[in-house]
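Trainee: A single structure is presented below for examination.
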Amino acid sequence: IYRGQADDRWGLVPGICRTGWLNRIVPYLPAHFRALECDDEDVSFDDKAKIEYGAVLGFIETADQSGIELPNYSTALRKKMIMNNTSINDAVFYPGLPNGWRSGDNYDELIALTQHYEIPTRFMDWSFSPSVAVYFAAWDALMKTPDPEPEEIVVWFFNVGKNSANLDSVDWKLVQVSRQGNPRLRKQEAVFTTAKTYDGLRYVRETTGFDYLVSTKMKETGKSLAENALGRIRLPFSEAHVLLDAISSSNVNGQTLYPGYEGVIRFMKEMAMI
């Protein structure tokens with residue numbers, strides 16, 4: 001699997017563990033979740049779980065009210081997630097689940113959908129396509145230029161087939177969700193990595209991400225990675241527009257990766273840049 005990033009200085013860090021994540025997620029929280037007083041540095045893992053849940057809840061509640069189809073979203077799940085949750089301390093949040101992370105009930109599909117609309121979650125996007133990863137590395141470099149400007153962009157790769165069992169040693173897992181009802185997942189050949197428990201996120205910070213876990217913490221547990229299992233390919237930041245043009249010529253662009261009008265607008269911006 002492959003992941004493109006606009007700055008080679010960044011680790012492999014899910015949105016909910018990045019600096020500034022709290023400010024980015026607060027606008028999506030239902031009103032009764034916003035009473036949770038905390039900042040980026042002081043949020044407990046329990047509260048991170050609740051805040052993520054609140055953002056997913058806010059997203060699907062608004063989509064449901066608008067009559068927009070949600071993948072694998074049933075009346076029973078709606079009752080469990082919306083009608084029974086009135087307080088951030090409500091006991092129905094995570095009944096019987098390890099370390100508080102909600103899972104099952106098709107919740108992974110809802111996180112994947114929420115994640116693809118730029119709400120920070122514990123999920124980290126990857127793709128089965130290296131071309132898609134190059135596209136996102138180049139696009140983000142040109143449209144969301146990091147400050148200070150990096151020298152290189154990067155495409156990470158992880159050989160899941162040889163190492164998926166070893167992910168358990170650092171409390172992480174690979175997540176593949178149904179692409180039904182989520183055309184972005186299908187077009188982008190998306191797959192995710194995520195922490196299974198709080199411990200899986202405990203060492204994840206801005207500069208010590210998933211790459212640190214699989215290269216360092218996994219070794220501490222006596223596990224070892226297959227040769228060339230995790231690595232990255234660095235590409236010149238100055239050539240991002242050339243890379244975007246080359247990938248677009250191979251039919252990997254905003255128009256093919258994003259459904260509807262959003263894809264049209266992205267493609268128009270790409271043509272202006274290249």
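Residue numbering restarts at 1 for every chain of the structure tokens, chains are lettered A, B, ... in their displayed order, and ligands are numbered from 1 as they appear.
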With a distance cut-off of 8 Å and only C-alpha atoms, select the neighbouring residues of Pro146 in chain A, excluding the residue or stretch itself and same-chain residues fewer than 3 positions from it, and output the selection as a list in words.

Mentor: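 The residues that qualify are Ala6, Asp7, Ala141, Glu149 and Pro150 of chain A.
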
Trainee: Write down as a list of chain:residue names the residues belonging to range 50-79 of chain A that are assigned alpha helix (DSSP H) by DSSP computed on the backbone.

Mentor: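 Everything in range 50-79 of chain A that counts as alpha helix (DSSP H) is A:Lys50, A:Ile51, A:Glu52, A:Tyr53, A:Gly54, A:Ala55, A:Val56, A:Leu57, A:Gly58, A:Phe59, A:Ile60, A:Glu61, A:Thr62, A:Ala63, A:Asp64, A:Gln65, A:Thr75, A:Ala76, A:Leu77, A:Arg78.
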
Trainee: Which residue out of A:Gly58, A:Gly181, A:Pro236, A:Pro30 has the minimum interatomic distance to Pro71 in chain A when only C-alpha atoms are used?

Mentor: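 The closest residue to Pro71 in chain A is A:Gly181.
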
Trainee: Need the shell around Leu185 in chain A: protein/DNA/RNA residues with any atom at most 12 Å away, counting only C-alpha atoms. Skip same-chain ones fewer than 4 positions apart. Format as a PyMOL selection string?

Mentor: chain A and resi 71+109+112-117+125-129+132+176-181+189-192+256-259

Trainee: Expressed in Å to a single decimal, how great is the separation between CA of Gly20 in chain A and CA of Tyr53 in chain A?

Mentor: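 Pair CA of Gly20 in chain A / CA of Tyr53 in chain A returns 17.8 Å.
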
Trainee: Using CA of Gly260 in chain A and CA of Ile68 in chain A as the two end points, give the distance in Å to one decimal.

Mentor: 14.5 Å

Trainee: Give me the residues near Trp156 in chain A as a PDB file with N, CA and C atoms, in the first residue's frame, where near means some atom within 8 Å (using only C-alpha atoms) and where sequence neighbours in that chain fewer than 2 positions away do not count.

Mentor:
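Below you can see out-v7.pdb, which holds the result:
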```pdb
ATOM      1  N   TYR A   2       0.323   2.390  -0.435  1.00  0.00           N
ATOM      2  CA  TYR A   2       1.120   3.594  -0.665  1.00  0.00           C
ATOM      3  C   TYR A   2       0.414   4.817  -0.089  1.00  0.00           C
ATOM      4  N   ARG A   3       1.225   5.768   0.361  1.00  0.00           N
ATOM      5  CA  ARG A   3       0.681   7.019   0.908  1.00  0.00           C
ATOM      6  C   ARG A   3       1.570   8.179   0.485  1.00  0.00           C
ATOM      7  N   GLY A   4       0.975   9.200  -0.129  1.00  0.00           N
ATOM      8  CA  GLY A   4       1.724  10.374  -0.535  1.00  0.00           C
ATOM      9  C   GLY A   4       1.589  11.500   0.464  1.00  0.00           C
ATOM     10  N   GLN A   5       2.705  12.197   0.753  1.00  0.00           N
ATOM     11  CA  GLN A   5       2.687  13.337   1.658  1.00  0.00           C
ATOM     12  C   GLN A   5       3.494  14.480   1.052  1.00  0.00           C
ATOM     13  N   VAL A 154       7.125  13.110  -0.585  1.00  0.00           N
ATOM     14  CA  VAL A 154       7.458  11.716  -0.295  1.00  0.00           C
ATOM     15  C   VAL A 154       6.279  10.793  -0.579  1.00  0.00           C
ATOM     16  N   PHE A 158       4.246   0.358   2.215  1.00  0.00           N
ATOM     17  CA  PHE A 158       4.269  -0.641   3.279  1.00  0.00           C
ATOM     18  C   PHE A 158       3.797  -1.967   2.705  1.00  0.00           C
ATOM     19  N   LEU A 230       8.822  -1.439   4.863  1.00  0.00           N
ATOM     20  CA  LEU A 230       8.361  -0.066   5.016  1.00  0.00           C
ATOM     21  C   LEU A 230       9.458   0.866   4.521  1.00  0.00           C
ATOM     22  N   GLY A 231       9.099   1.760   3.645  1.00  0.00           N
ATOM     23  CA  GLY A 231      10.096   2.690   3.130  1.00  0.00           C
ATOM     24  C   GLY A 231       9.440   3.872   2.462  1.00  0.00           C
ATOM     25  N   ARG A 232      10.256   4.750   1.928  1.00  0.00           N
ATOM     26  CA  ARG A 232       9.711   5.927   1.253  1.00  0.00           C
ATOM     27  C   ARG A 232      10.590   6.315   0.071  1.00  0.00           C
ATOM     28  N   ILE A 233       9.935   6.907  -0.888  1.00  0.00           N
ATOM     29  CA  ILE A 233      10.609   7.428  -2.073  1.00  0.00           C
ATOM     30  C   ILE A 233      10.456   8.938  -2.044  1.00  0.00           C
TER      31      ILE A 233
END
```

Trainee: In terms of the shortest atom-to-atom distance over only C-alpha atoms, which of A:Arg9, A:Ala76, A:Ala246, A:Thr62 is closest to Pro148 in chain A?

Mentor: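 Among the listed residues, the smallest separation from Pro148 in chain A belongs to A:Arg9.
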
Trainee: Between A:Thr121, A:Ser66, A:Asn106, A:Asn23, single out the one closest to Arg78 in chain A, counting only C-alpha atoms.

Mentor: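 Selected residue with least distance to Arg78 in chain A: A:Asn106.
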
Trainee: Let me make sure I understand: among A:Glu61, A:Ile16, A:Glu152, A:Leu70, which one has the smallest atom-to-atom distance to Ala138 in chain A if we use only C-alpha atoms?

Mentor: A:Glu152

Trainee: For Ala195 in chain A, which of A:Ile274, A:Met124, A:Leu110, A:Ala133 is the closest residue, counting only C-alpha atoms?

Mentor: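 Once distances to Ala195 in chain A are computed over only C-alpha atoms, the minimum belongs to A:Met124.
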
Trainee: Would you mind telling me which residue in A:Ile153, A:Val160, A:Val175, A:Ile265 lies nearest to Ser238 in chain A when using only C-alpha atoms?

Mentor: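 That would be A:Ile153, the residue with the smallest distance to Ser238 in chain A.
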